[in-house]
$ cat start22.txt   # compact mmCIF, C-alpha atoms and all ligand atoms
# COMPACT_ATOMS: atom_id res chain seq x y z
CA MET A 216 28.77 -8.75 -5.15
CA LEU A 217 26.91 -11.89 -4.05
CA LYS A 218 23.16 -11.78 -4.72
CA GLN A 219 21.11 -11.60 -1.49
CA ILE A 220 17.76 -12.46 -3.08
CA ASN A 221 17.08 -15.56 -5.18
CA LYS A 222 13.65 -16.92 -4.20
CA ILE A 223 10.74 -14.57 -3.51
CA THR A 224 7.34 -15.44 -2.04
CA VAL A 225 4.61 -12.88 -2.84
CA VAL A 226 1.99 -12.84 -0.05
CA GLY A 227 -1.53 -11.78 -1.08
CA GLY A 228 -4.06 -12.40 -3.81
CA GLY A 229 -5.33 -8.86 -4.50
CA SER A 230 -4.65 -6.44 -7.33
CA TRP A 231 -1.30 -5.13 -6.15
CA ALA A 232 0.05 -8.61 -5.39
CA THR A 233 -1.01 -9.69 -8.88
CA ALA A 234 0.73 -6.64 -10.36
CA ASN A 235 3.87 -7.38 -8.34
CA VAL A 236 3.88 -10.97 -9.61
CA LYS A 237 3.60 -9.64 -13.15
CA MET A 238 6.46 -7.14 -12.71
CA LEU A 239 8.74 -9.71 -11.08
CA THR A 240 8.10 -12.33 -13.77
CA ASP A 241 8.29 -9.89 -16.71
CA ASN A 242 11.69 -8.80 -15.36
CA THR A 243 14.42 -11.13 -16.65
CA THR A 244 16.85 -11.15 -13.68
CA GLU A 245 17.32 -14.74 -12.54
CA LYS A 246 15.08 -15.62 -9.59
CA GLU A 247 12.29 -18.00 -8.58
CA ILE A 248 8.84 -16.66 -7.68
CA PHE A 249 6.36 -18.32 -5.32
CA TRP A 250 2.86 -16.96 -4.71
CA TRP A 251 0.64 -17.35 -1.65
CA MET A 252 -3.02 -16.44 -1.32
CA ARG A 253 -5.52 -17.61 1.30
CA ASN A 254 -8.25 -18.43 -1.24
CA ALA A 255 -7.70 -22.07 -2.33
CA GLU A 256 -10.23 -21.75 -5.17
CA ALA A 257 -8.27 -18.85 -6.64
CA VAL A 258 -5.05 -20.90 -6.33
CA ASP A 259 -6.70 -23.73 -8.22
CA HIS A 260 -8.00 -21.39 -10.93
CA ILE A 261 -4.60 -19.76 -11.48
CA GLN A 262 -2.87 -23.15 -11.60
CA ASN A 263 -5.32 -24.34 -14.28
CA PHE A 264 -5.96 -21.20 -16.33
CA GLY A 265 -3.00 -18.87 -15.67
CA HIS A 266 -5.14 -15.89 -14.60
CA ASN A 267 -6.24 -14.55 -11.20
CA PRO A 268 -10.05 -14.90 -11.33
CA ASN A 269 -10.71 -12.08 -8.85
CA TYR A 270 -8.21 -9.28 -9.51
CA LEU A 271 -6.52 -8.02 -12.72
CA SER A 272 -7.89 -11.10 -14.45
CA SER A 273 -6.48 -10.09 -17.86
CA VAL A 274 -2.88 -10.49 -16.59
CA GLU A 275 -1.19 -13.69 -17.76
CA ILE A 276 0.42 -15.38 -14.75
CA LYS A 277 3.83 -16.86 -15.49
CA VAL A 278 4.49 -18.41 -12.06
CA PRO A 279 4.71 -22.24 -12.35
CA ALA A 280 1.58 -23.97 -10.98
CA ALA A 281 3.63 -25.85 -8.39
CA ASN A 282 4.86 -22.54 -6.92
CA ILE A 283 1.34 -21.24 -6.12
CA SER A 284 -0.22 -22.34 -2.85
CA SER A 285 -2.34 -21.40 0.15
CA ASP A 286 0.25 -22.93 2.52
CA LEU A 287 2.30 -19.90 3.49
CA LYS A 288 4.69 -21.66 5.87
CA ALA A 289 5.84 -24.09 3.17
CA LEU A 290 6.51 -21.25 0.71
CA VAL A 291 8.30 -19.11 3.32
CA GLN A 292 10.63 -22.01 4.08
CA LYS A 293 11.63 -22.22 0.41
CA SER A 294 12.31 -18.47 0.05
CA ASP A 295 14.99 -15.99 1.05
CA CYS A 296 12.72 -12.99 0.46
CA ILE A 297 9.07 -12.42 1.41
CA LEU A 298 7.06 -9.68 -0.31
CA LEU A 299 4.09 -8.76 1.89
CA ASN A 300 1.10 -7.51 -0.07
CA VAL A 301 -2.14 -8.04 1.84
CA PRO A 302 -4.01 -5.01 3.21
CA ALA A 303 -2.58 -4.04 6.63
CA ALA A 304 -5.85 -4.96 8.34
CA PHE A 305 -5.36 -8.62 7.27
CA LEU A 306 -1.60 -8.91 7.84
CA LYS A 307 -1.81 -10.52 11.28
CA GLN A 308 -4.29 -13.07 9.94
CA ALA A 309 -2.11 -13.84 6.91
CA LEU A 310 0.96 -14.37 9.14
CA LYS A 311 -0.86 -16.33 11.86
CA ASP A 312 1.18 -19.56 11.31
CA ILE A 313 4.49 -17.77 10.76
CA THR A 314 7.02 -17.40 13.59
CA ALA A 315 9.99 -15.08 14.07
CA ASP A 316 12.17 -18.14 13.41
CA ASP A 317 10.52 -18.66 9.99
CA LEU A 318 11.52 -15.11 8.96
CA LYS A 319 15.00 -15.16 10.52
CA GLY A 320 17.71 -14.04 8.10
CA LYS A 321 15.22 -13.41 5.28
CA LYS A 322 14.69 -10.13 3.48
CA ILE A 323 11.18 -8.79 4.01
CA VAL A 324 9.66 -6.37 1.51
CA SER A 325 6.46 -4.47 2.24
CA ALA A 326 4.27 -3.33 -0.64
CA ILE A 327 1.53 -2.53 1.90
CA LYS A 328 0.43 1.09 2.27
CA GLY A 329 -1.26 0.86 5.63
CA ILE A 330 -0.97 0.69 9.42
CA VAL A 331 -1.64 -2.50 11.39
CA PRO A 332 -4.89 -1.78 13.31
CA ASP A 333 -4.84 -2.23 17.11
CA GLU A 334 -1.05 -2.06 17.06
CA ASN A 335 -0.96 1.37 15.36
CA LEU A 336 2.35 0.38 13.77
CA ILE A 337 3.60 0.81 10.22
CA ILE A 338 4.75 -2.47 8.68
CA GLY A 339 8.49 -2.16 9.36
CA GLU A 340 7.84 -1.42 13.05
CA PHE A 341 5.26 -4.20 13.32
CA LEU A 342 7.66 -6.78 11.86
CA ASN A 343 10.48 -5.54 14.05
CA GLN A 344 8.44 -5.65 17.28
CA HIS A 345 6.47 -8.86 16.60
CA TYR A 346 8.85 -10.91 14.40
CA GLN A 347 12.26 -9.45 15.31
CA VAL A 348 12.86 -8.53 11.67
CA SER A 349 15.81 -6.15 11.68
CA PHE A 350 15.45 -2.81 9.84
CA GLU A 351 18.55 -3.74 7.78
CA ASP A 352 16.61 -6.68 6.30
CA PHE A 353 13.48 -4.61 5.56
CA LEU A 354 12.52 -2.94 2.28
CA VAL A 355 9.54 -0.87 1.15
CA ILE A 356 8.00 -0.66 -2.33
CA SER A 357 6.14 2.59 -2.88
CA GLY A 358 5.55 5.36 -5.38
CA PRO A 359 2.69 6.46 -7.58
CA CYS A 360 1.55 3.25 -9.22
CA HIS A 361 -1.88 1.72 -9.66
CA ALA A 362 -2.09 -2.03 -10.27
CA GLU A 363 -4.55 -1.45 -13.13
CA GLU A 364 -1.95 0.57 -15.07
CA VAL A 365 0.73 -2.07 -14.45
CA ALA A 366 -1.68 -4.59 -16.01
CA LEU A 367 -1.88 -2.29 -19.05
CA GLU A 368 1.94 -1.91 -19.06
CA LYS A 369 1.70 1.87 -18.79
CA LEU A 370 5.00 3.50 -17.83
CA SER A 371 5.24 3.70 -14.02
CA TYR A 372 7.93 4.58 -11.44
CA LEU A 373 8.44 2.75 -8.15
CA THR A 374 10.57 3.74 -5.18
CA ILE A 375 12.41 0.97 -3.34
CA ALA A 376 13.46 2.06 0.14
CA SER A 377 15.95 0.29 2.39
CA GLN A 378 18.64 1.29 4.86
CA ASP A 379 20.93 -1.00 2.85
CA ALA A 380 21.55 0.77 -0.48
CA ALA A 381 22.94 -2.38 -2.15
CA LEU A 382 19.89 -4.39 -1.13
CA ALA A 383 17.51 -1.68 -2.42
CA ALA A 384 19.38 -1.62 -5.74
CA GLU A 385 19.30 -5.41 -6.00
CA PHE A 386 15.56 -5.61 -5.42
CA ALA A 387 14.91 -2.63 -7.73
CA GLY A 388 16.81 -4.55 -10.41
CA MET A 389 14.25 -7.35 -10.08
CA LEU A 390 11.32 -5.05 -10.91
CA ASN A 391 12.66 -2.98 -13.80
CA THR A 392 11.01 -3.68 -17.13
CA ARG A 393 10.09 -1.76 -20.29
CA TYR A 394 7.18 -0.23 -18.36
CA ILE A 395 8.65 -0.03 -14.82
CA LYS A 396 11.44 2.29 -13.72
CA THR A 397 12.78 2.23 -10.19
CA ILE A 398 14.21 4.83 -7.82
CA VAL A 399 16.06 3.86 -4.62
CA SER A 400 15.79 5.60 -1.26
CA ASP A 401 17.02 5.07 2.32
CA ASP A 402 13.88 6.63 3.90
CA ILE A 403 11.94 3.58 5.08
CA TYR A 404 9.89 5.53 7.69
CA GLY A 405 9.02 8.49 5.48
CA THR A 406 8.18 6.25 2.55
CA GLU A 407 5.83 4.14 4.66
CA TYR A 408 4.15 7.02 6.48
CA GLY A 409 3.89 9.09 3.30
CA ALA A 410 2.03 6.23 1.58
CA VAL A 411 -0.30 5.82 4.55
CA LEU A 412 -1.14 9.52 4.75
CA LYS A 413 -1.77 10.02 1.05
CA ASN A 414 -4.53 7.39 1.25
CA VAL A 415 -6.33 9.52 3.85
CA TYR A 416 -5.94 12.64 1.69
CA ALA A 417 -7.33 10.71 -1.29
CA ILE A 418 -10.38 9.86 0.83
CA ALA A 419 -10.73 13.58 1.63
CA SER A 420 -10.43 14.36 -2.07
CA GLY A 421 -13.12 11.79 -2.90
CA ILE A 422 -15.44 13.11 -0.19
CA CYS A 423 -15.12 16.66 -1.53
CA HIS A 424 -15.81 15.46 -5.07
CA GLY A 425 -18.83 13.52 -3.84
CA ILE A 426 -20.22 16.57 -2.07
CA GLY A 427 -19.78 18.70 -5.18
CA TYR A 428 -16.61 20.75 -4.64
CA GLY A 429 -14.81 21.50 -7.91
CA ASP A 430 -11.25 21.25 -9.20
CA ASN A 431 -10.37 24.70 -7.84
CA PHE A 432 -11.03 23.59 -4.27
CA GLN A 433 -9.41 20.17 -4.83
CA SER A 434 -6.11 21.79 -5.75
CA VAL A 435 -6.11 23.83 -2.52
CA LEU A 436 -6.98 20.70 -0.54
CA ILE A 437 -4.05 18.75 -2.03
CA SER A 438 -1.67 21.69 -1.65
CA ASN A 439 -2.56 21.70 2.06
CA ALA A 440 -2.33 17.89 2.17
CA ILE A 441 1.32 17.78 1.06
CA ARG A 442 2.19 20.37 3.74
CA GLU A 443 0.32 18.32 6.36
CA LEU A 444 2.09 15.15 5.20
CA ASP A 445 5.45 16.94 5.37
CA ARG A 446 4.76 18.20 8.92
CA PHE A 447 3.81 14.75 10.17
CA VAL A 448 6.65 12.80 8.55
CA ALA A 449 9.21 15.42 9.61
CA SER A 450 7.96 15.13 13.17
CA VAL A 451 7.97 11.31 13.30
CA HIS A 452 11.26 10.81 11.45
CA PRO A 453 13.21 14.04 10.98
CA ILE A 454 15.78 13.45 8.25
CA ASP A 455 16.71 15.47 5.19
CA ARG A 456 14.12 14.51 2.53
CA ASP A 457 12.59 16.21 -0.49
CA ILE A 458 8.82 15.91 -0.07
CA MET A 459 8.37 16.79 -3.76
CA GLU A 460 9.80 13.40 -4.80
CA SER A 461 7.60 10.82 -6.50
CA ALA A 462 7.28 8.59 -3.43
CA TYR A 463 5.65 11.44 -1.48
CA LEU A 464 4.06 14.14 -3.67
CA GLY A 465 3.75 11.85 -6.70
CA ASP A 466 1.87 9.17 -4.78
CA LEU A 467 -0.38 11.79 -3.18
CA LEU A 468 -1.28 13.22 -6.60
CA VAL A 469 -2.05 9.90 -8.29
CA THR A 470 -4.16 8.65 -5.41
CA ALA A 471 -6.07 11.91 -4.97
CA TYR A 472 -6.88 12.27 -8.68
CA SER A 473 -6.85 8.84 -10.35
CA GLN A 474 -10.01 7.07 -11.46
CA PHE A 475 -8.34 3.85 -10.25
CA SER A 476 -7.86 4.96 -6.65
CA ARG A 477 -9.70 2.81 -4.13
CA ASN A 478 -9.36 5.52 -1.48
CA ARG A 479 -10.72 8.30 -3.66
CA THR A 480 -13.60 6.05 -4.83
CA PHE A 481 -14.44 5.18 -1.23
CA GLY A 482 -14.35 8.87 -0.23
CA ASN A 483 -16.54 9.81 -3.18
CA MET A 484 -19.20 7.35 -2.01
CA ILE A 485 -19.04 8.74 1.53
CA GLY A 486 -19.44 12.26 0.13
CA LYS A 487 -22.50 11.08 -1.78
CA GLY A 488 -24.07 9.75 1.40
CA TYR A 489 -23.14 6.04 1.46
CA THR A 490 -22.42 4.54 4.88
CA VAL A 491 -18.92 3.13 5.49
CA THR A 492 -20.25 -0.43 5.32
CA SER A 493 -22.18 0.05 2.10
CA ALA A 494 -19.21 1.80 0.45
CA GLN A 495 -16.92 -1.08 1.50
CA LEU A 496 -19.36 -3.71 0.22
CA GLU A 497 -19.72 -1.90 -3.10
CA MET A 498 -15.96 -1.96 -3.77
CA ASN A 499 -14.68 -5.56 -3.24
CA MET A 500 -11.35 -3.80 -2.72
CA VAL A 501 -9.77 -2.28 0.35
CA ALA A 502 -9.40 1.46 0.99
CA GLU A 503 -6.45 1.43 3.42
CA GLY A 504 -7.05 5.05 4.43
CA TYR A 505 -10.24 4.09 6.26
CA TYR A 506 -8.30 1.99 8.81
CA ALA A 507 -5.24 4.24 8.73
CA VAL A 508 -7.00 7.45 9.72
CA ASN A 509 -8.11 5.87 13.00
CA CYS A 510 -4.56 4.66 13.69
CA LEU A 511 -3.09 8.04 12.76
CA HIS A 512 -5.52 9.75 15.12
CA GLN A 513 -4.11 7.56 17.94
CA VAL A 514 -0.45 7.89 16.86
CA ASN A 515 -0.72 11.67 16.58
CA LYS A 516 -1.75 11.94 20.26
CA GLN A 517 1.98 11.45 20.87
CA TYR A 518 3.29 13.85 18.20
CA LYS A 519 0.52 16.49 18.33
CA VAL A 520 1.09 17.59 14.73
CA GLU A 521 -1.50 19.98 13.31
CA MET A 522 -3.47 17.73 10.91
CA PRO A 523 -6.83 19.32 10.06
CA ILE A 524 -7.44 17.16 6.95
CA CYS A 525 -6.81 13.88 8.77
CA GLU A 526 -8.98 15.07 11.65
CA ALA A 527 -11.83 15.97 9.29
CA VAL A 528 -11.71 12.52 7.64
CA TYR A 529 -11.52 10.88 11.08
CA ALA A 530 -14.58 12.82 12.28
CA ILE A 531 -16.60 11.87 9.18
CA LEU A 532 -15.68 8.17 9.22
CA TYR A 533 -15.50 7.46 12.95
CA LYS A 534 -17.62 10.16 14.63
CA LYS A 535 -20.25 10.08 11.88
CA THR A 536 -20.27 13.86 11.46
CA ALA A 537 -21.94 15.05 8.25
CA PRO A 538 -19.38 15.25 5.38
CA ALA A 539 -20.69 18.61 4.12
CA THR A 540 -20.52 20.22 7.59
CA GLU A 541 -17.06 18.81 8.30
CA MET A 542 -15.66 19.91 4.94
CA ARG A 543 -17.12 23.42 5.36
CA LYS A 544 -15.28 23.64 8.70
CA LEU A 545 -12.10 22.29 7.10
CA ALA A 546 -12.32 24.81 4.25
CA GLU A 547 -12.01 27.62 6.82
CA LYS A 548 -8.65 26.20 7.96
CA LEU A 549 -7.03 25.77 4.52
CA SER A 550 -4.69 28.34 3.04
N1 LIG A 601 -4.02 -1.73 -5.83
C1 LIG A 601 -3.04 -0.89 -6.04
O1 LIG A 601 -2.92 -0.27 -7.10
C2 LIG A 601 -2.02 -0.69 -4.99
C3 LIG A 601 -2.19 -1.22 -3.74
N2 LIG A 601 -1.22 -1.04 -2.78
C4 LIG A 601 -1.36 -1.63 -1.47
O2 LIG A 601 -1.34 -3.04 -1.57
C5 LIG A 601 -2.00 -3.60 -0.44
C6 LIG A 601 -2.96 -4.66 -0.93
O3 LIG A 601 -4.00 -4.01 -1.62
P1 LIG A 601 -4.64 -4.50 -2.97
O4 LIG A 601 -3.82 -5.55 -3.61
O5 LIG A 601 -4.94 -3.27 -3.74
O6 LIG A 601 -5.95 -5.16 -2.43
P2 LIG A 601 -7.31 -5.25 -3.19
O7 LIG A 601 -8.17 -4.15 -2.70
O8 LIG A 601 -7.11 -5.40 -4.64
O9 LIG A 601 -7.83 -6.66 -2.69
C7 LIG A 601 -8.22 -6.92 -1.40
C8 LIG A 601 -7.29 -7.93 -0.81
O10 LIG A 601 -7.70 -8.13 0.53
C9 LIG A 601 -7.86 -9.51 0.74
N3 LIG A 601 -8.93 -9.67 1.73
C10 LIG A 601 -10.17 -9.16 1.65
N4 LIG A 601 -10.86 -9.55 2.74
C11 LIG A 601 -10.01 -10.29 3.48
C12 LIG A 601 -10.11 -10.96 4.73
N5 LIG A 601 -11.24 -10.93 5.44
N6 LIG A 601 -9.04 -11.61 5.19
C13 LIG A 601 -7.89 -11.64 4.51
N7 LIG A 601 -7.73 -11.03 3.33
C14 LIG A 601 -8.78 -10.37 2.84
C15 LIG A 601 -8.25 -10.07 -0.59
O11 LIG A 601 -7.98 -11.45 -0.64
C16 LIG A 601 -7.32 -9.30 -1.48
O12 LIG A 601 -6.03 -9.85 -1.42
C17 LIG A 601 -2.68 -2.42 0.27
O13 LIG A 601 -1.89 -2.05 1.38
C18 LIG A 601 -2.66 -1.32 -0.76
O14 LIG A 601 -2.62 -0.03 -0.18
C19 LIG A 601 -0.08 -0.35 -3.06
C20 LIG A 601 0.13 0.20 -4.29
C21 LIG A 601 -0.81 0.08 -5.34
O1 LIG A 602 -1.11 3.38 -3.69
C1 LIG A 602 -1.76 3.46 -4.69
C2 LIG A 602 -1.29 4.18 -5.89
O2 LIG A 602 0.06 4.53 -5.76
C3 LIG A 602 -3.11 2.85 -4.71
O3 LIG A 602 -4.01 3.69 -4.12
P1 LIG A 602 -5.50 3.19 -3.85
O4 LIG A 602 -5.38 2.10 -2.81
O5 LIG A 602 -6.26 4.37 -3.38
O6 LIG A 602 -6.02 2.65 -5.14
$ encode --input "start22.txt" --output "structure tokens" --more "lines below"
Ligand SMILES: NC(=O)C1=CN([C@@H]2O[C@H](COP(=O)(O)OP(=O)(O)OC[C@H]3O[C@@H](n4cnc5c(N)ncnc54)[C@H](O)[C@@H]3O)[C@@H](O)[C@H]2O)C=CC1
Ligand SMILES: O=C(CO)COP(=O)(O)O
Amino acid sequence: MLKQINKITVVGGGSWATANVKMLTDNTTEKEIFWWMRNAEAVDHIQNFGHNPNYLSSVEIKVPAANISSDLKALVQKSDCILLNVPAAFLKQALKDITADDLKGKKIVSAIKGIVPDENLIIGEFLNQHYQVSFEDFLVISGPCHAEEVALEKLSYLTIASQDAALAAEFAGMLNTRYIKTIVSDDIYGTEYGAVLKNVYAIASGICHGIGYGDNFQSVLISNAIRELDRFVASVHPIDRDIMESAYLGDLLVTAYSQFSRNRTFGNMIGKGYTVTSAQLEMNMVAEGYYAVNCLHQVNKQYKVEMPICEAVYAILYKKTAPATEMRKLAEKLS
């Protein structure tokens, strides 16, 4: 079958974009990789020294210097596939010069695990409504996988979701390496929403750790979290899915427990009494769950799913209720 993807532009300069560049260039399938980031100084540094100065700086970058740029439009025009990898809160800003025409006919992959603020849309819906990207041309990369472990080449599994099974398989084939295994799925909605929700549950897990709850309570929290995630995803997009798969339960577990999780780290600081702003400043990385829980609160007004964990995190982060009080109330609702 004819290859649909030959030239890929990776959009974003953070840790996951850097990890995606590494996976795509370590993989030996024939393709050309371009890389966009807004920070011109970082572009210059990578072109000269072959390392991202700000994120995963130990990773050797194998993208040719001429293919790295802060001019997104020029790179998009050269590519047949765009891999979006900026935090959802900065997606509109990153795409500000890009039109629906620029994306026409191209395959768009989202490695973002967030909701676009103000729009309250997951990435596939946002691209469809604002850029007329058809769902047949849209793919999602998800699964339990921290960029830091990709940098260390620790064995990791990714799920590639698309309504087009051949397209998902083709893109998965461009990521497989000695340390990356891929799984394909047709559940673009569930994969996106699952990844968004698990970030909120990881914040809850971090808050509880910060307050002083132990592993016994954490396990009950996460057991309730997967049921809450299942209820929400089943309500928004009711198809036959196994919520125990790596893209759902696996990603929830790694994010709720890993030392590398941005969301858990952020939650831990909130539990210890940091303000949202001071926790964000401390990290230099983005905890998507902070933005997502506000969007989910709005989206759930339509679905009315019972979501006590999301509501507790929302109350702590946006209503400024005391973490200890809110978690004590939540503990009464868990089973
Ligand atoms: N880091 C990881 O292990 C994984 C991250 N993801 C997802 O990848 C997406 C990108 O996250 P990371 O690469 O982890 O980001 P990061 O937290 O490593 O870096 C922050 C990113 O945000 C950008 N940024 C910060 N302030 C900005 C601003 N004002 N305007 C525009 N851009 C700004 C930075 O340039 C950088 O690209 C997120 O949706 C995240 O959930 C998904 C899987 C794994
Ligand atoms: O999605 C991730 C792991 O699969 C990354 O989670 P964090 O953003 O919390 O680090």
$ closest_atom_pairs --input "start22.txt" --of "chain A" --to "ligand LIG 602 (chain A)" --cutoff "8 Å" --atoms "all atoms listed in the file" --output "tab-separated table"
residue	atom	partner	partner_atom	distance
A:Lys328	CA	A:LIG602	O1	6.6
A:Ser357	CA	A:LIG602	O2	7.0
A:Gly358	CA	A:LIG602	O2	5.6
A:Pro359	CA	A:LIG602	O2	3.7
A:Cys360	CA	A:LIG602	O2	4.0
A:His361	CA	A:LIG602	C2	4.5
A:Ala362	CA	A:LIG602	C3	7.5
A:Ala410	CA	A:LIG602	O1	6.8
A:Asn414	CA	A:LIG602	O5	5.8
A:Ala417	CA	A:LIG602	O5	6.8
A:Asp466	CA	A:LIG602	O2	5.1
A:Leu467	CA	A:LIG602	O2	7.7
A:Val469	CA	A:LIG602	C2	6.2
A:Thr470	CA	A:LIG602	O3	5.1
A:Ala471	CA	A:LIG602	O5	7.7
A:Phe475	CA	A:LIG602	O6	5.7
A:Ser476	CA	A:LIG602	O6	3.3
A:Arg477	CA	A:LIG602	O6	3.8
A:Asn478	CA	A:LIG602	O5	3.8
A:Arg479	CA	A:LIG602	O5	6.0
A:Thr480	CA	A:LIG602	O5	7.7
A:Val501	CA	A:LIG602	O4	7.0
A:Ala502	CA	A:LIG602	O4	5.6
A:Glu503	CA	A:LIG602	O4	6.4
A:Gly504	CA	A:LIG602	O5	7.9
$ write_last_selection --input "start22.txt" --atoms "C-alpha atoms" --output "JSON list (two decimals), in the coordinates of the input"
[["chain", "number", "residue", "atom", "x", "y", "z"],
["A", 328, "LYS", "CA", 0.43, 1.09, 2.27],
["A", 357, "SER", "CA", 6.14, 2.59, -2.88],
["A", 358, "GLY", "CA", 5.55, 5.36, -5.38],
["A", 359, "PRO", "CA", 2.69, 6.46, -7.58],
["A", 360, "CYS", "CA", 1.55, 3.25, -9.22],
["A", 361, "HIS", "CA", -1.88, 1.72, -9.66],
["A", 362, "ALA", "CA", -2.09, -2.03, -10.27],
["A", 410, "ALA", "CA", 2.03, 6.23, 1.58],
["A", 414, "ASN", "CA", -4.53, 7.39, 1.25],
["A", 417, "ALA", "CA", -7.33, 10.71, -1.29],
["A", 466, "ASP", "CA", 1.87, 9.17, -4.78],
["A", 467, "LEU", "CA", -0.38, 11.79, -3.18],
["A", 469, "VAL", "CA", -2.05, 9.90, -8.29],
["A", 470, "THR", "CA", -4.16, 8.65, -5.41],
["A", 471, "ALA", "CA", -6.07, 11.91, -4.97],
["A", 475, "PHE", "CA", -8.34, 3.85, -10.25],
["A", 476, "SER", "CA", -7.86, 4.96, -6.65],
["A", 477, "ARG", "CA", -9.70, 2.81, -4.13],
["A", 478, "ASN", "CA", -9.36, 5.52, -1.48],
["A", 479, "ARG", "CA", -10.72, 8.30, -3.66],
["A", 480, "THR", "CA", -13.60, 6.05, -4.83],
["A", 501, "VAL", "CA", -9.77, -2.28, 0.35],
["A", 502, "ALA", "CA", -9.40, 1.46, 0.99],
["A", 503, "GLU", "CA", -6.45, 1.43, 3.42],
["A", 504, "GLY", "CA", -7.05, 5.05, 4.43]]
$ closest_residue --input "start22.txt" --among "A:Thr392, A:Ile485, A:Tyr505, A:Pro302" --to "Thr536 of chain A" --atoms "all atoms listed in the file"
A:Ile485
$ atom_distance --input "start22.txt" --atom1 "atom CA of Ser461 of chain A" --atom2 "atom O13 of ligand LIG 601 (chain A)"
17.8 Å
$ residues_near_point --input "start22.txt" --point "(-0.1, -18.5, -15.6)" --cutoff "8 Å" --atoms "all atoms listed in the file" --output "number ranges by chain"
A: 261-266, 275-280
$ residues_around --input "start22.txt" --residues "Ala440 of chain A" --least-positions-apart "6" --cutoff "9 Å" --atoms "all atoms listed in the file" --output "VMD selection string"
chain A and resid 412 to 413 416 467 522 524 to 525
$ residues_around --input "start22.txt" --residues "Lys535 of chain A" --least-positions-apart "6" --cutoff "10 Å" --atoms "only C-alpha atoms" --output "PyMOL selection string"
chain A and resi 490-491+528-529+541
$ residues_around --input "start22.txt" --residues "Gly388 of chain A" --least-positions-apart "5" --cutoff "9 Å" --atoms "only C-alpha atoms" --output "PyMOL selection string"
chain A and resi 242+244+383+397
$ residues_around --input "start22.txt" --residues "Asp455 of chain A" --least-positions-apart "4" --cutoff "12 Å" --atoms "all atoms listed in the file" --output "PyMOL selection string"
chain A and resi 400-402+405+445+448-450
$ atom_distance --input "start22.txt" --atom1 "atom CA of Tyr489 of chain A" --atom2 "atom CA of Asn515 of chain A"
27.6 Å
$ atom_distance --input "start22.txt" --atom1 "atom C17 of ligand LIG 601 (chain A)" --atom2 "atom CA of His512 of chain A"
19.4 Å
$ closest_residue --input "start22.txt" --among "A:Val365, A:Ala289, A:Ile531, A:Val435" --to "ligand LIG 601 (chain A)" --atoms "all atoms listed in the file"
A:Val365
$ closest_residue --input "start22.txt" --among "A:Leu468, A:Gly228, A:Glu443, A:Gly486" --to "Val301 of chain A" --atoms "only C-alpha atoms"
A:Gly228
$ residues_around --input "start22.txt" --residues "Lys288 of chain A" --least-positions-apart "6" --cutoff "8 Å" --atoms "only C-alpha atoms" --output "NGL selection string"
:A and (312-313 or 317)
$ closest_residue --input "start22.txt" --among "A:Leu271, A:Met252, A:Ile283, A:Ile356" --to "Leu306 of chain A" --atoms "all atoms listed in the file"
A:Met252
$ closest_residue --input "start22.txt" --among "A:Gln219, A:Ile422, A:Val274, A:Leu511" --to "Trp231 of chain A" --atoms "all atoms listed in the file"
A:Val274
